[in-house]
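Asker: Right, I'll just put the structure down here and ask away after.
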Amino acid sequence: MVSDETALLLDDVRKSFGAVRALAGVTLRVGRGERLGLVGHNGAGKSTLMHVLAGVLKPDGGTISADGGRQVADYDTAAAGRLGVRCVFQELSLCPNLTVGENARVLHPGLRGWGWRKRAEGLILEQLDAIFPGHGIDPKTIVADLSLGRRQMVEIARAFTVTDTPIRLVILDEPTSSLDATAAEQLLSYLHRANLGGVASVFISHILPEVLSAAERVVVMREGRIVLDGRASELTRRIIVRSMGAADEELSEAESSARVTDTTADRPRQVLATPLAATGGMELSACRGDIVGLAGLAGHGQSTMLIRLFDAWGKRDPATQVAAPVALVPGDRQSDGVFPLWSISRNISVRSLGSLRRFGLIDPGREKDLAATWRERIGIRTPDMDNGILSLSGGNQQKALFARALASEAGIILMDDPMRGVDISTKAEVYRFIRAEAERGRTFLWYSTEMEELFHCDRVYVFHQGRIVAHLHRGQMTEAAILRASYADASGEVA
Amino acid sequence: MITNDLPSPADVAPARRTLVLPVWVWPLLAAAVVLAMTLIYSGGRGAADIMSAAVTFSALFVIVGLGQMLVITSGPGNVDLSIPAAISLAGAIAMKVMDGSNGMIVAGLAAALGAAMALGVANYLLIRLLRIPPIIATLSSALIVQSIAIAYGRGLKIKPPPAFADFCTGRTLGVSNLALVAAVLTAIVLLVLARTVYGRTLLALGQNQRAARLAGTPVSRARLTTSVVSAGFAGLCGVLLAGFSGGSSLNMGEEYLLASIAVTVIGGTSVAGGRAEPLGIWGAALLLFLIVTMLNTFGLSAGVRLIATGVIIVTVIAIGGGRKAA
């Protein structure tokens with residue numbers, strides 16, 4: 001429902017961070033009730049644009065106007081709030097120590113007086129029911145106790161709650177990255193309904209088929225500019241990828257590059273985890289050079305398994321055996337990954353300190369070399385590896401976390417859905433890297449919420465409610481087979 | 001494909017080269033200002049005496065402050081409240097074992113440090129095994145240890161061996177020996193923080209405990225080391241203090257509890273953990289001593305002195321704190 005009415009208009013908006021030009025003059029009109037898809041590489045300026053729209057960042061130049069050209073002076077978070085602009089951030093913005101209901105109240109200062117908590121809980125519950133029917137979230141739960149997927153649901157639902165200000169525009173940054181397939185589907189269909197009701201949405205995602213089906217209009221950003229702006233129905237994945245400047249062959253090539261070899265007998269076993277009495281299910285094993293996928297709906301025990309394997313190194317636990325040092329690539333950068341006070345270089349070297357020592361002390365020269373090597377090998381986009389890690393865009397921070405694990409002596413690399421919010425060309429690069437490292441004898445255990453990613457694995461284990469319910473070899477790995485196994489016992493509760 | 005996105009060197013070169021002072025400079029500057037004001041008031045008299053007293057007394061604060069700094073750096077909620085107990089216990093044990101005899105100095109020092117470090121281990125076990133919050137754990141171990149020190153020392157004041165007393169009150173090349181000890185320890189701590197696995201682990205731990213664990217750093221060992229080092233430094237301070245002041249007394253550690261926290265925080269170490277500023281402790285310790293000296297020189301009453309001290313500290317933190325964002 002594209003109307004001529006404008007929800008929000010950006011005119012020649014510019015923003016620089018030091019020498020880095022994040023937005024180099026962006027003009028963008030979002031129509032009332034329009035569904036706009038926004039795609040681009042890491043560092044293309046998507047997040048900056050979103051932060052400008054949210055009023056978090058003040059642009060260096062350009063204007064923002066609403067309602068037929070009325071320019072909004074001093075566009076900040078309060079102004080954005082008054083206009084009814086809401087955001088769902090990729091780095092979740094809920095307070096982990098508060099309940100779901102209390103978090104809903106944060107957005108709605110109007111909920112006051114006796115029984116505000118109950119009203120806030122009712123508000124968020126109603127919205128959760130509207131977007132994610134069967135979500136199973138109790139609004140009295142403390143947010144920290146929710147799985148990442150459910151937190152994301154709350155974050156999304158909260159953005160759509162209304163008390164006094166009607167919603168004009170909701171910006172969603174990678175909203176489906178931690179949702180499972182069902183919830184993602186529910187969200188997309190809700191967006192459709194909301195847009196019919198006049199609420200515009202800006203949907204940022206790296207999953208192109210999703211963008212193409214979710215949005216009416218797609219805008220592609222590159223190096224701080226809009227390089228493509230067209231109707232979704234007239235665009236294809238290939239056109240979009242080409243406009244981003246990446247070679248699209250890489251993707252199709254990667255899909256076919258997985259080895260056909262299924263002979264594991266000649267390679268030593270590196271990982272063995274027998275099922276726990278409490279959960280049951282199948283055992284997990286991996287040999288040297290294996291790339292093993294952990295599949296299933298988000299939050300069904302894949303991360304728990306990775307942590308169990310991580311803790312097993314150096315311990316004698318017959319139920320969980322690992323034959324080599326273990327390194328983990330976290331997916332939740334903020335809480336499991338980066339050290340915010342440190343440079344990029346220190347963030348990478350932290351896993352390899354032991355081997356950087358000379359005469360018992362860490363050798364600054366070796367540390368520098370390590371950082372320089374990995375900047376080159378994995379392509380971290382920064383003028384100086386001594387810059388703070390937070391100066392990097394999310395995708396580049398993730399690359400640094402990959403470098404941390406891969407630079408270490410670890411023979412087994414555990415990956416906890418590490419590609420969340422990483423652009424496709426970076427992904428293609430990292431996939432190749434993983435394949436090459438596996439051929440050199442490293443073992444990868446790879447939890448992913450993206451179906452496409454699992455096809456880079458040699459075989460997958462499918463998790464359901466904390467246990468392994470299926471083991472699919474290369475030949476049996478199809479989307480349908482994985483989905484079937486994911487829902488294996490889902491008779492009653494669907495998470 | 002990524003490298004061509006890099007800003008060219010020409011773009012980067014004119015980057016803002018504004019002078020950013022290290023955090024630890026601020027308390028040192030403040031100390032210098034306070035010293036200057038004192039000397040202006042006194043017409044420059046006693047400059048050398050004030051300086052040397054400041055450095056000597058600061059040295060003891062620096063030694064305990066370094067330990068407290070490591071503990072605070074290990075993350076929010078971590079603080080060592082058993083420092084006064086470690087000081088009293090170590091002072092009492094050292095004096096009793098040395099028993100005024102020069103031949104027993106090494107044995108006394110070893111016994112005192114051993115006892116203090118055992119307290120550090122006990123603190124660690126209380127916190128990690130029984131999962132008692134650090135504030136409660138170290139406070140209760142302090143009460144127990146203080147009682148032991150009372151029972152052990154029986155309130156007798158034993159004089160330190162002459163050689164040890166001479167060392168503690170003496171100077172080498174014009175600098176007090178205590179200050180030299182503190183300087184050496186500061187240098188070691190600086191080196192350890194920047195260049196050892198323990199140091200990096202501690203800093204990582206303070207920023208994000210979970211990430212530190214998942215990055216494979218030896219987190220538990222770092223916590224134990226920190227606990228032991230803090231107690232050990234406090235013990236060393238106790239022994240030196242006893243040597244300096246002609247014997248141990250049971251409450252001699254009292255003023256070091258708040259002081260150890262104050263010099264750490266004023267020195268620029270992050271209360272939230274993950275950032276340590278060993279050099280800042282020197283500035284902060286000198287500042288605290290010099291403020292008292294200045295206010296005494298001005299001849300202010302005790303009440304006004306305390307108020308002024310508080311105001312000055314807040315001012316220094318407010319000025320220096322704004323530049324902490326790294």
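The way I read the labels, and the way they are meant: chains A, B, ... in the order of the structure tokens, residue 1 as the first residue of every chain, and ligand 1 as the first ligand shown, with later ones counted on from there.
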Write out as a PyMOL selection string all residues of range 121-274 of chain A that DSSP puts in helix (DSSP H, G or I) for this structure's backbone.

Answerer: chain A and resi 121-131+143-145+148-159+181-196+208-214+232-234+237-243+249-257

Asker: So that I can see what lies close to Ala480 in chain A, please list as a list in words the residues with an atom at most 12 Å from it, counting only C-alpha atoms and leaving out residues fewer than 6 positions away in the same chain.

Answerer: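 Near neighbours after the sequence-gap exclusion: Gly296, Met451, Leu472, Ser486 and Tyr487 of chain A.
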
Asker: Go ahead and save the picked residues with N, CA and C atoms, as a PDB file, in the first residue's frame.

Answerer:
ATOM      1  N   GLY A 296      18.313 -26.926  13.901  1.00  0.00           N
ATOM      2  CA  GLY A 296      17.109 -26.957  14.726  1.00  0.00           C
ATOM      3  C   GLY A 296      16.620 -25.561  15.006  1.00  0.00           C
ATOM      4  N   MET A 451      19.318 -21.582   7.421  1.00  0.00           N
ATOM      5  CA  MET A 451      19.281 -22.839   6.687  1.00  0.00           C
ATOM      6  C   MET A 451      20.395 -22.927   5.650  1.00  0.00           C
ATOM      7  N   LEU A 472      21.913 -36.044   9.939  1.00  0.00           N
ATOM      8  CA  LEU A 472      21.738 -36.102   8.491  1.00  0.00           C
ATOM      9  C   LEU A 472      23.095 -36.002   7.800  1.00  0.00           C
ATOM     10  N   SER A 486      13.478 -30.733  12.924  1.00  0.00           N
ATOM     11  CA  SER A 486      13.403 -29.654  13.906  1.00  0.00           C
ATOM     12  C   SER A 486      12.081 -29.674  14.648  1.00  0.00           C
ATOM     13  N   TYR A 487      11.050 -30.082  13.947  1.00  0.00           N
ATOM     14  CA  TYR A 487       9.715 -30.062  14.548  1.00  0.00           C
ATOM     15  C   TYR A 487       9.314 -31.442  15.038  1.00  0.00           C
TER      16      TYR A 487
END

Asker: Could you list, as a ChimeraX atom specification, every residue within 10 Å of Ala194 in chain B, counting only C-alpha atoms and ignoring same-chain residues fewer than 6 positions away?

Answerer: /A:361-362,364 /B:200,203

Asker: List every residue of range 164-371 of chain A that DSSP, applied to the backbone, labels as strand (DSSP E), and write the result as a PyMOL selection string.

Answerer: chain A and resi 169-173+200-204+217-222+225-231+269-273+284-287+291-296+320-322+326-329+357-358+361-362

Asker: At a cut-off of 9 Å, list the chain A residues touching chain B, using only C-alpha atoms, as a compact mmCIF listing (two decimals) with all heavy atoms, in the first residue's frame.

Answerer:
# COMPACT_ATOMS: atom_id res chain seq x y z
N GLY A 18 35.10 10.76 12.20
CA GLY A 18 36.51 10.98 11.91
C GLY A 18 36.71 10.94 10.40
O GLY A 18 36.02 11.64 9.66
N ALA A 19 37.61 10.08 9.96
CA ALA A 19 37.91 10.02 8.54
C ALA A 19 36.93 9.12 7.79
O ALA A 19 36.92 9.06 6.58
CB ALA A 19 39.34 9.51 8.34
N VAL A 20 36.11 8.40 8.54
CA VAL A 20 35.21 7.45 7.89
C VAL A 20 33.88 8.12 7.58
O VAL A 20 33.20 8.61 8.48
CB VAL A 20 34.97 6.22 8.80
CG1 VAL A 20 34.02 5.25 8.12
CG2 VAL A 20 36.28 5.55 9.13
N GLU A 223 28.81 2.11 0.61
CA GLU A 223 29.73 3.20 0.93
C GLU A 223 29.00 4.50 1.25
O GLU A 223 29.35 5.57 0.77
CB GLU A 223 30.72 3.41 -0.22
CG GLU A 223 31.76 2.30 -0.27
CD GLU A 223 32.45 2.23 -1.62
OE1 GLU A 223 32.37 3.21 -2.37
OE2 GLU A 223 33.04 1.18 -1.91
N ALA A 246 29.52 -7.21 -5.05
CA ALA A 246 30.14 -8.50 -4.75
C ALA A 246 29.88 -9.45 -5.91
O ALA A 246 28.90 -9.33 -6.62
CB ALA A 246 29.56 -9.08 -3.48
N ILE A 307 28.80 -25.01 24.72
CA ILE A 307 29.43 -24.64 25.99
C ILE A 307 29.92 -25.90 26.70
O ILE A 307 31.00 -25.92 27.30
CB ILE A 307 28.43 -23.88 26.89
CG1 ILE A 307 28.02 -22.56 26.23
CG2 ILE A 307 29.02 -23.62 28.27
CD1 ILE A 307 29.09 -21.50 26.19
N PHE A 310 33.02 -26.85 25.10
CA PHE A 310 34.04 -25.85 25.42
C PHE A 310 34.65 -26.13 26.79
O PHE A 310 35.86 -26.07 26.98
CB PHE A 310 33.41 -24.46 25.40
CG PHE A 310 34.38 -23.35 25.72
CD1 PHE A 310 35.22 -22.86 24.74
CD2 PHE A 310 34.47 -22.83 26.99
CE1 PHE A 310 36.12 -21.85 25.02
CE2 PHE A 310 35.38 -21.82 27.28
CZ PHE A 310 36.20 -21.33 26.29
N VAL A 326 40.16 -26.19 22.41
CA VAL A 326 38.90 -25.72 21.85
C VAL A 326 38.85 -24.20 21.86
O VAL A 326 39.29 -23.58 22.82
CB VAL A 326 37.73 -26.26 22.71
CG1 VAL A 326 36.41 -25.77 22.18
CG2 VAL A 326 37.76 -27.77 22.74
N ALA A 327 38.37 -23.61 20.77
CA ALA A 327 38.12 -22.16 20.77
C ALA A 327 36.69 -21.92 20.32
O ALA A 327 36.14 -22.71 19.54
CB ALA A 327 39.09 -21.45 19.84
N LEU A 328 36.10 -20.86 20.83
CA LEU A 328 34.70 -20.59 20.53
C LEU A 328 34.55 -19.25 19.82
O LEU A 328 35.16 -18.27 20.22
CB LEU A 328 33.90 -20.61 21.83
CG LEU A 328 32.39 -20.43 21.69
CD1 LEU A 328 31.66 -21.55 22.41
CD2 LEU A 328 31.94 -19.11 22.24
N VAL A 329 33.74 -19.23 18.78
CA VAL A 329 33.40 -17.97 18.12
C VAL A 329 31.97 -17.64 18.55
O VAL A 329 31.04 -18.28 18.12
CB VAL A 329 33.46 -18.10 16.59
CG1 VAL A 329 33.16 -16.75 15.94
CG2 VAL A 329 34.79 -18.63 16.14
N PRO A 330 31.81 -16.66 19.43
CA PRO A 330 30.47 -16.36 19.91
C PRO A 330 29.66 -15.60 18.87
O PRO A 330 30.23 -14.93 18.01
CB PRO A 330 30.71 -15.50 21.15
CG PRO A 330 32.09 -15.00 21.03
CD PRO A 330 32.83 -15.81 20.01
N ARG A 333 27.90 -10.94 20.25
CA ARG A 333 29.15 -10.20 20.43
C ARG A 333 29.21 -9.46 21.74
O ARG A 333 30.21 -9.48 22.44
CB ARG A 333 29.32 -9.18 19.29
CG ARG A 333 29.66 -9.78 17.98
CD ARG A 333 30.00 -8.68 17.00
NE ARG A 333 28.86 -7.87 16.64
CZ ARG A 333 27.97 -8.24 15.73
NH1 ARG A 333 28.09 -9.39 15.12
NH2 ARG A 333 26.95 -7.46 15.43
N GLN A 334 28.09 -8.76 22.06
CA GLN A 334 28.11 -7.91 23.25
C GLN A 334 28.34 -8.70 24.52
O GLN A 334 29.15 -8.33 25.36
CB GLN A 334 26.79 -7.18 23.37
CG GLN A 334 26.81 -5.83 22.71
CD GLN A 334 25.55 -5.06 23.02
OE1 GLN A 334 24.52 -5.65 23.37
NE2 GLN A 334 25.62 -3.77 22.90
N SER A 335 27.60 -9.77 24.71
CA SER A 335 27.68 -10.42 26.01
C SER A 335 28.72 -11.54 26.05
O SER A 335 29.21 -11.88 27.11
CB SER A 335 26.30 -10.94 26.43
OG SER A 335 26.00 -12.11 25.73
N ASP A 336 29.09 -12.11 24.90
CA ASP A 336 30.03 -13.24 24.93
C ASP A 336 31.34 -12.95 24.23
O ASP A 336 32.23 -13.80 24.24
CB ASP A 336 29.42 -14.47 24.23
CG ASP A 336 28.13 -14.92 24.87
OD1 ASP A 336 27.80 -14.40 25.94
OD2 ASP A 336 27.47 -15.79 24.29
N GLY A 337 31.44 -11.80 23.58
CA GLY A 337 32.56 -11.67 22.66
C GLY A 337 33.55 -10.57 22.94
O GLY A 337 34.62 -10.82 23.49
N VAL A 338 33.18 -9.33 22.61
CA VAL A 338 34.20 -8.29 22.57
C VAL A 338 34.56 -7.78 23.97
O VAL A 338 33.75 -7.81 24.90
CB VAL A 338 33.76 -7.09 21.71
CG1 VAL A 338 33.51 -7.52 20.29
CG2 VAL A 338 32.53 -6.43 22.30
N PHE A 339 35.80 -7.32 24.07
CA PHE A 339 36.25 -6.59 25.25
C PHE A 339 36.25 -5.12 24.87
O PHE A 339 37.14 -4.66 24.15
CB PHE A 339 37.62 -7.07 25.69
CG PHE A 339 37.62 -8.51 26.10
CD1 PHE A 339 38.24 -9.47 25.33
CD2 PHE A 339 36.93 -8.91 27.24
CE1 PHE A 339 38.20 -10.79 25.68
CE2 PHE A 339 36.89 -10.24 27.60
CZ PHE A 339 37.52 -11.18 26.83
N PRO A 340 35.23 -4.38 25.32
CA PRO A 340 34.98 -3.05 24.76
C PRO A 340 36.09 -2.04 25.01
O PRO A 340 36.25 -1.10 24.24
CB PRO A 340 33.68 -2.61 25.45
CG PRO A 340 33.56 -3.47 26.67
CD PRO A 340 34.22 -4.76 26.32
N LEU A 341 36.88 -2.21 26.08
CA LEU A 341 37.93 -1.22 26.37
C LEU A 341 39.19 -1.46 25.57
O LEU A 341 40.11 -0.66 25.60
CB LEU A 341 38.28 -1.24 27.87
CG LEU A 341 37.17 -0.97 28.87
CD1 LEU A 341 37.68 -1.12 30.28
CD2 LEU A 341 36.62 0.43 28.66
N TRP A 342 39.25 -2.58 24.86
CA TRP A 342 40.50 -2.97 24.22
C TRP A 342 40.54 -2.63 22.74
O TRP A 342 39.50 -2.49 22.08
CB TRP A 342 40.70 -4.47 24.39
CG TRP A 342 41.41 -4.82 25.66
CD1 TRP A 342 41.89 -3.96 26.59
CD2 TRP A 342 41.68 -6.15 26.13
NE1 TRP A 342 42.46 -4.68 27.61
CE2 TRP A 342 42.35 -6.00 27.36
CE3 TRP A 342 41.44 -7.41 25.62
CZ2 TRP A 342 42.77 -7.10 28.09
CZ3 TRP A 342 41.86 -8.51 26.34
CH2 TRP A 342 42.52 -8.35 27.57
N ARG A 346 44.29 -6.33 20.59
CA ARG A 346 44.23 -7.06 21.86
C ARG A 346 43.05 -8.02 21.90
O ARG A 346 43.12 -9.09 22.48
CB ARG A 346 44.12 -6.09 23.03
CG ARG A 346 45.44 -5.53 23.46
CD ARG A 346 45.33 -4.93 24.84
NE ARG A 346 46.65 -4.54 25.31
CZ ARG A 346 46.92 -4.25 26.58
NH1 ARG A 346 45.97 -4.28 27.49
NH2 ARG A 346 48.14 -3.92 26.93
N VAL A 350 43.94 -12.16 22.54
CA VAL A 350 43.65 -12.66 23.89
C VAL A 350 43.59 -14.19 23.97
O VAL A 350 43.93 -14.78 25.00
CB VAL A 350 42.34 -12.02 24.43
CG1 VAL A 350 41.13 -12.45 23.63
CG2 VAL A 350 42.13 -12.36 25.90
N ARG A 351 43.24 -14.84 22.86
CA ARG A 351 43.14 -16.29 22.89
C ARG A 351 44.51 -16.94 22.66
O ARG A 351 44.67 -18.14 22.86
CB ARG A 351 42.14 -16.75 21.82
CG ARG A 351 41.89 -18.24 21.69
CD ARG A 351 41.23 -18.80 22.92
NE ARG A 351 41.04 -20.25 22.84
CZ ARG A 351 42.01 -21.14 22.98
NH1 ARG A 351 43.24 -20.74 23.18
NH2 ARG A 351 41.75 -22.42 22.91
N LEU A 353 47.64 -15.66 23.85
CA LEU A 353 48.69 -15.00 24.64
C LEU A 353 49.84 -15.93 24.97
O LEU A 353 51.00 -15.53 24.93
CB LEU A 353 48.08 -14.42 25.92
CG LEU A 353 47.07 -13.31 25.69
CD1 LEU A 353 46.42 -12.88 26.99
CD2 LEU A 353 47.74 -12.12 25.02
N GLY A 354 49.52 -17.18 25.29
CA GLY A 354 50.56 -18.13 25.68
C GLY A 354 51.64 -18.25 24.64
O GLY A 354 52.84 -18.29 24.96
N ARG A 357 54.40 -15.27 23.97
CA ARG A 357 55.37 -14.91 25.00
C ARG A 357 56.80 -15.16 24.56
O ARG A 357 57.08 -16.09 23.79
CB ARG A 357 55.09 -15.72 26.27
CG ARG A 357 53.94 -15.16 27.07
CD ARG A 357 53.71 -15.94 28.32
NE ARG A 357 53.37 -17.32 28.01
CZ ARG A 357 52.93 -18.17 28.92
NH1 ARG A 357 52.81 -17.81 30.17
NH2 ARG A 357 52.64 -19.42 28.59
N GLY A 360 58.75 -15.38 28.95
CA GLY A 360 57.67 -15.27 29.92
C GLY A 360 56.80 -14.05 29.77
O GLY A 360 55.76 -13.95 30.41
N LEU A 361 57.20 -13.10 28.92
CA LEU A 361 56.39 -11.90 28.75
C LEU A 361 55.83 -11.86 27.34
O LEU A 361 56.48 -12.32 26.39
CB LEU A 361 57.25 -10.64 28.98
CG LEU A 361 57.74 -10.41 30.40
CD1 LEU A 361 58.62 -9.18 30.45
CD2 LEU A 361 56.57 -10.26 31.36
N ILE A 362 54.62 -11.28 27.23
CA ILE A 362 54.01 -11.13 25.91
C ILE A 362 54.88 -10.18 25.09
O ILE A 362 55.20 -9.08 25.54
CB ILE A 362 52.59 -10.58 26.04
CG1 ILE A 362 51.72 -11.58 26.79
CG2 ILE A 362 51.99 -10.27 24.68
CD1 ILE A 362 50.44 -11.00 27.33
N ASP A 363 55.24 -10.62 23.90
CA ASP A 363 56.12 -9.83 23.05
C ASP A 363 55.28 -8.90 22.18
O ASP A 363 54.51 -9.37 21.34
CB ASP A 363 56.95 -10.80 22.19
CG ASP A 363 57.91 -10.05 21.29
OD1 ASP A 363 57.99 -8.82 21.42
OD2 ASP A 363 58.58 -10.71 20.46
N PRO A 364 55.39 -7.58 22.37
CA PRO A 364 54.55 -6.65 21.60
C PRO A 364 54.74 -6.81 20.09
O PRO A 364 53.79 -6.66 19.33
CB PRO A 364 55.02 -5.27 22.05
CG PRO A 364 55.76 -5.49 23.31
CD PRO A 364 56.31 -6.87 23.27
N GLU A 376 44.91 -8.81 7.45
CA GLU A 376 45.04 -9.11 6.03
C GLU A 376 44.23 -10.35 5.65
O GLU A 376 43.45 -10.34 4.71
CB GLU A 376 46.52 -9.37 5.74
CG GLU A 376 46.82 -9.49 4.29
CD GLU A 376 47.75 -8.37 3.87
OE1 GLU A 376 47.73 -7.31 4.52
OE2 GLU A 376 48.50 -8.56 2.93
N ILE A 378 41.72 -11.96 7.05
CA ILE A 378 40.26 -12.02 7.17
C ILE A 378 39.64 -10.68 6.78
O ILE A 378 38.42 -10.55 6.72
CB ILE A 378 39.88 -12.49 8.59
CG1 ILE A 378 38.53 -13.20 8.60
CG2 ILE A 378 39.90 -11.35 9.58
CD1 ILE A 378 38.36 -14.09 9.81
N GLY A 379 40.50 -9.72 6.44
CA GLY A 379 39.99 -8.46 5.89
C GLY A 379 39.23 -7.60 6.87
O GLY A 379 38.07 -7.27 6.66
N ILE A 380 39.88 -7.21 7.96
CA ILE A 380 39.23 -6.33 8.91
C ILE A 380 39.40 -4.90 8.44
O ILE A 380 40.52 -4.45 8.17
CB ILE A 380 39.81 -6.53 10.33
CG1 ILE A 380 39.47 -7.94 10.80
CG2 ILE A 380 39.25 -5.50 11.29
CD1 ILE A 380 40.17 -8.35 12.06
N ARG A 381 38.28 -4.21 8.34
CA ARG A 381 38.31 -2.89 7.73
C ARG A 381 38.57 -1.82 8.77
O ARG A 381 37.67 -1.33 9.43
CB ARG A 381 36.97 -2.65 7.05
CG ARG A 381 36.99 -1.45 6.15
CD ARG A 381 35.59 -1.16 5.65
NE ARG A 381 35.53 0.25 5.29
CZ ARG A 381 34.41 0.85 4.96
NH1 ARG A 381 33.29 0.19 4.95
NH2 ARG A 381 34.43 2.12 4.66
N THR A 382 39.83 -1.44 8.90
CA THR A 382 40.21 -0.40 9.86
C THR A 382 41.52 0.22 9.43
O THR A 382 42.36 -0.46 8.84
CB THR A 382 40.34 -0.98 11.28
OG1 THR A 382 40.77 0.05 12.16
CG2 THR A 382 41.38 -2.10 11.31
N PRO A 383 41.70 1.51 9.70
CA PRO A 383 43.00 2.10 9.39
C PRO A 383 44.10 1.64 10.35
O PRO A 383 45.26 1.69 10.01
CB PRO A 383 42.75 3.61 9.52
CG PRO A 383 41.48 3.75 10.27
CD PRO A 383 40.71 2.49 10.12
N GLY A 388 40.18 1.18 18.98
CA GLY A 388 39.28 0.42 19.84
C GLY A 388 38.40 -0.52 19.03
O GLY A 388 38.04 -0.20 17.89
N ARG A 404 40.22 -14.19 16.36
CA ARG A 404 40.66 -14.61 17.70
C ARG A 404 40.71 -16.13 17.79
O ARG A 404 41.69 -16.70 18.26
CB ARG A 404 39.69 -14.06 18.74
CG ARG A 404 40.05 -14.43 20.16
CD ARG A 404 38.91 -14.17 21.11
NE ARG A 404 38.69 -12.75 21.32
CZ ARG A 404 37.65 -12.25 22.00
NH1 ARG A 404 36.77 -13.07 22.53
NH2 ARG A 404 37.53 -10.97 22.15
N ALA A 405 39.66 -16.77 17.33
CA ALA A 405 39.60 -18.23 17.44
C ALA A 405 40.57 -18.89 16.48
O ALA A 405 41.30 -19.82 16.83
CB ALA A 405 38.18 -18.72 17.19
N SER A 425 28.89 -10.92 1.49
CA SER A 425 30.22 -11.17 0.91
C SER A 425 31.21 -11.54 2.01
O SER A 425 32.09 -12.36 1.79
CB SER A 425 30.69 -9.97 0.10
OG SER A 425 30.54 -8.80 0.84
N THR A 426 31.04 -10.97 3.20
CA THR A 426 31.88 -11.40 4.32
C THR A 426 31.61 -12.87 4.61
O THR A 426 32.52 -13.65 4.84
CB THR A 426 31.55 -10.58 5.58
OG1 THR A 426 31.69 -9.22 5.29
CG2 THR A 426 32.47 -10.96 6.73

Asker: Could you give me, as number ranges by chain, the residues within 12 Å of Ala86 in chain B, counting only C-alpha atoms and dropping anything in the same chain fewer than 6 positions from it?

Answerer: B: 64, 67, 80, 92-94, 112-120, 122-123, 138-139, 141-149, 227-239, 250-254, 256-257

Asker: May I have the residues within 9 Å of Ala53 in chain B as a ChimeraX atom specification, using only C-alpha atoms and disregarding those fewer than 4 positions away in the same chain?

Answerer: /B:48-49,57-58,176,289

Asker: Do you know which residues are at most 9 Å from His473 in chain A counting only C-alpha atoms, after dropping those on the same chain fewer than 2 positions away, and could you put them as a list in words?

Answerer: Asp262, Asp458, Arg459, Val460, Tyr461, His471, Gly475, Gln476 and Met477 of chain A

Asker: Now that the selection is made, can you save its residues with N, CA, C and O atoms as an mmCIF file, in the first residue's frame?

Answerer:
data_model
loop_
_atom_site.group_PDB
_atom_site.id
_atom_site.type_symbol
_atom_site.label_atom_id
_atom_site.label_comp_id
_atom_site.auth_asym_id
_atom_site.auth_seq_id
_atom_site.Cartn_x
_atom_site.Cartn_y
_atom_site.Cartn_z
ATOM 1 N N ASP A 262 32.483 -39.098 2.492
ATOM 2 C CA ASP A 262 31.751 -39.411 3.708
ATOM 3 C C ASP A 262 32.528 -40.432 4.524
ATOM 4 O O ASP A 262 32.023 -40.998 5.469
ATOM 5 N N ASP A 458 29.440 -30.638 6.394
ATOM 6 C CA ASP A 458 29.520 -31.986 5.847
ATOM 7 C C ASP A 458 28.306 -32.809 6.256
ATOM 8 O O ASP A 458 27.875 -33.714 5.564
ATOM 9 N N ARG A 459 27.837 -32.535 7.456
ATOM 10 C CA ARG A 459 26.641 -33.219 7.957
ATOM 11 C C ARG A 459 26.076 -32.388 9.091
ATOM 12 O O ARG A 459 26.757 -31.499 9.596
ATOM 13 N N VAL A 460 24.839 -32.644 9.449
ATOM 14 C CA VAL A 460 24.244 -31.850 10.519
ATOM 15 C C VAL A 460 23.562 -32.731 11.554
ATOM 16 O O VAL A 460 23.071 -33.820 11.247
ATOM 17 N N TYR A 461 23.596 -32.245 12.790
ATOM 18 C CA TYR A 461 22.778 -32.813 13.846
ATOM 19 C C TYR A 461 21.626 -31.847 14.071
ATOM 20 O O TYR A 461 21.837 -30.643 14.165
ATOM 21 N N HIS A 471 20.442 -37.094 12.691
ATOM 22 C CA HIS A 471 21.800 -36.948 12.182
ATOM 23 C C HIS A 471 21.717 -37.127 10.677
ATOM 24 O O HIS A 471 21.432 -38.214 10.196
ATOM 25 N N GLY A 475 24.154 -36.451 1.856
ATOM 26 C CA GLY A 475 23.139 -36.834 0.886
ATOM 27 C C GLY A 475 21.709 -36.620 1.372
ATOM 28 O O GLY A 475 20.805 -36.418 0.571
ATOM 29 N N GLN A 476 21.542 -36.655 2.705
ATOM 30 C CA GLN A 476 20.178 -36.544 3.243
ATOM 31 C C GLN A 476 19.808 -35.122 3.611
ATOM 32 O O GLN A 476 18.691 -34.861 4.034
ATOM 33 N N MET A 477 20.806 -34.221 3.499
ATOM 34 C CA MET A 477 20.571 -32.857 3.982
ATOM 35 C C MET A 477 19.748 -32.061 2.992
ATOM 36 O O MET A 477 20.265 -31.550 1.999
#

Asker: Using Å and a single decimal, report how far CA of Gly198 in chain A sits from CA of Leu38 in chain A.

Answerer: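 Pair CA of Leu38 in chain A / CA of Gly198 in chain A returns 19.1 Å.
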
Asker: So, counting only C-alpha atoms, which residue among B:Ala302, B:Leu295, B:Leu286, B:Leu202 is closest to Ala30 in chain B?

Answerer: B:Leu286

Asker: Kindly give the distance, in Å, that separates CA of Leu179 in chain A and CA of Tyr447 in chain A, rounded to a single decimal.

Answerer: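 Computed distance, CA of Leu179 in chain A to CA of Tyr447 in chain A, equals 13.7 Å.
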